[in-house]
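Encoded as structure tokens, the structure appears first; notes follow it.
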Amino acid sequence: MRLTLRTTSLLAALLVFTSLTLPAWFRGEYPHPAGPAFDKFATRQYLREAERIHPEVILLGDSILTKGVDLEIFQAQVGVAAYKIDIPGSSSALWYLLVKSTITDLEPAPRVLVVLFRDSILTAPTFRTTGPYFDLIDRFAAPDDSLVIERAYLPQLTPLQVALQEYFPLYTYGEILRVKLDSGLRRLLPQAFGCDGECADDAMTNVLGDMRPEVFAQSILRAESVLYSPAELDFNARVNQSFLPEIVRLTQERGIQLVFVRAPTNIFPNPADEPPALHAYLADLQAWLAARDIPLIDLSRVDGIGPEQFVDPHHMSLEGKAIFTPIFADAVKVYLK
């Protein structure tokens, strides 16, 4: 009984201590607004790199862009300087942050921004924002990025979770503390051999990227099945809850021509297996973009790219990359004249 009382008292003291110190440490409001607590550092890595190049065209996407487009071949074919921001695991929330704090901040502004996307990812604001993807978002988000919190995180919370985030600091800051602990442990051994934090993160990305993708094919499809749910394929219901309108607004304010290109994938090797709702979604997306003078180029089915040119449901082989890059460059070149 005495031990139980002592343990309870210790836990209560720890709870009071963290409730007082965590808000002070993060310099946040308390009660804390619901949603994640982004740290104050927002990397400008891509801004610095792009400023050295002064690109006329920027390519934006995830690992599909990495594996599908050869930048040197693309530049040679379009005849202008290009820069590629291809972040594995990224999605529309991160693309919005990159448009907001990197691409539209460039001087001079690029003439064209090309977003290589797949299916309904443009209007899926919560997709790839939690778990291991939170660290990616936190690297580019600042504490005042309220739109990311509003559209990417709040829709995922129950009323109980909202209350816990507002009034229970261990819950409020738990995700960022977990990410920092995980990041510190991951970097500990490499730092002993002179590899700094950025070096360790790049090494991890390269190691994961070199693993045989076919091993993960089924888990990839399971994780991404949400993109083909009836709710996500209702374009008109989703668009105003997404980051797409803001991406359009920000680029148009800077006079940047936005071009969306639908990428080929091996998710539905047989076109007849594509959900009928996906066809309606893409038609609605194209009409919405056309009303804003924004082209959508559908390269999801092109000659020479079939199941044999893929190594997993998303990523092309080197052969596929060699075939797709000139096709992609020719499609984009029209908007650089």
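Ordering of the structure tokens sets the chain letters (A, B, ...), residue numbers begin anew at 1 in every chain, and ligands are numbered from 1 in the order given.
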Worksheet item: Would you give me, as number ranges by chain, the residues in range 218-323 of chain A that DSSP reads as helix (DSSP H, G or I)?
Response: A: 218-223, 225-228, 235-241, 244-253, 271-273, 276-290, 307-309, 318-323
Item to complete: Tell me which protein, DNA and RNA residues are within 9 Å of range 84-97 of chain A, counting only C-alpha atoms, leaving out same-chain ones fewer than 5 positions away, and put them as JSON, numbers by chain.
Response: {"A": [46, 50, 57, 58, 59, 60, 61, 62, 63, 64, 65, 66, 71, 102, 115, 117, 121, 122, 123, 124, 125, 126, 127, 128, 129, 133, 136, 137, 140, 141, 145, 148, 151, 152, 205, 209, 242, 243, 244, 246, 247]}
Worksheet entry | Contacts of Ile53 in chain A within 10 Å, only C-alpha atoms, excl. fewer than 3 positions in-chain, as a list in words |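 My reading of the contact set: Arg48, Glu49, Ala50, Glu56, Ala81, Ala82 and Tyr83 of chain A.
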Discussion item. Residues near Arg139 in chain A, anyone? I mean within 8 Å using only C-alpha atoms, not counting same-chain ones fewer than 6 positions away, as an NGL selection string.
Written reply: :A and (41-43)
Expected file contents, prior selection, C-alpha atoms, as a PDB file, in the first residue's frame:
ATOM      1  CA  PHE A  41      13.482  25.429 -37.195  1.00  0.00           C
ATOM      2  CA  ALA A  42      12.239  25.282 -40.798  1.00  0.00           C
ATOM      3  CA  THR A  43      14.952  24.190 -43.218  1.00  0.00           C
TER       4      THR A  43
END
Discussion item. According to DSSP computed on the backbone, where in range 9-137 of chain A is there strand (DSSP E)? Give the residues as a ChimeraX atom specification.
Written reply: /A:57-61,82-86,112-117
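If you look at CA of Ala142 in chain A and CA of Ser101 in chain A, they are 9.8 Å away from each other.
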Practice prompt. Give the answer as one residue: which of A:Arg222, A:Lys67, A:Arg111, A:Arg44 has the shortest atom-to-atom distance to Val332 in chain A, using only C-alpha atoms?
Written response: A:Arg111
Worksheet item: Of the candidates A:Val261, A:Leu227, A:Ala277, A:Leu318, which one gets nearest to Leu296 in chain A if we count only C-alpha atoms?
Response: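 So, comparing all the options, the nearest one is A:Val261.
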Worksheet item: Which neighbours of range 270-275 of chain A fall inside 9 Å, counting only C-alpha atoms, when residues of the same chain fewer than 4 positions from it are skipped, and could you give them as a ChimeraX atom specification?
Response: /A:228,266,279,301
Practice prompt. Would you please work out which residue, of A:Ile73, A:Ile323, A:Leu47, A:Leu157, is nearest to Phe310 in chain A when using only C-alpha atoms?
Written response: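 Closest to Phe310 in chain A, using only C-alpha atoms: A:Ile323.
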Might you pull out every residue within 7 Å of Gly320 in chain A, with only C-alpha atoms counted and same-chain residues fewer than 4 positions away left off, and present them as a CSV table (one decimal) with N, CA and C atoms, in the first residue's frame?
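Final file, around_12.csv:
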chain,number,residue,atom,x,y,z
A,305,ILE,N,5.9,2.1,-71.7
A,305,ILE,CA,5.9,1.9,-70.3
A,305,ILE,C,4.8,1.0,-69.9
A,309,GLN,N,8.4,-2.4,-66.9
A,309,GLN,CA,9.3,-1.2,-66.7
A,309,GLN,C,9.2,-0.7,-65.2
A,310,PHE,N,8.5,-1.5,-64.3
A,310,PHE,CA,8.4,-1.1,-62.9
A,310,PHE,C,9.1,-2.2,-62.0
A,316,MET,N,9.6,3.2,-61.4
A,316,MET,CA,10.1,2.6,-62.6
A,316,MET,C,11.5,2.1,-62.5
A,324,PHE,N,10.7,7.1,-70.1
A,324,PHE,CA,9.7,8.2,-69.6
A,324,PHE,C,10.3,9.6,-69.7
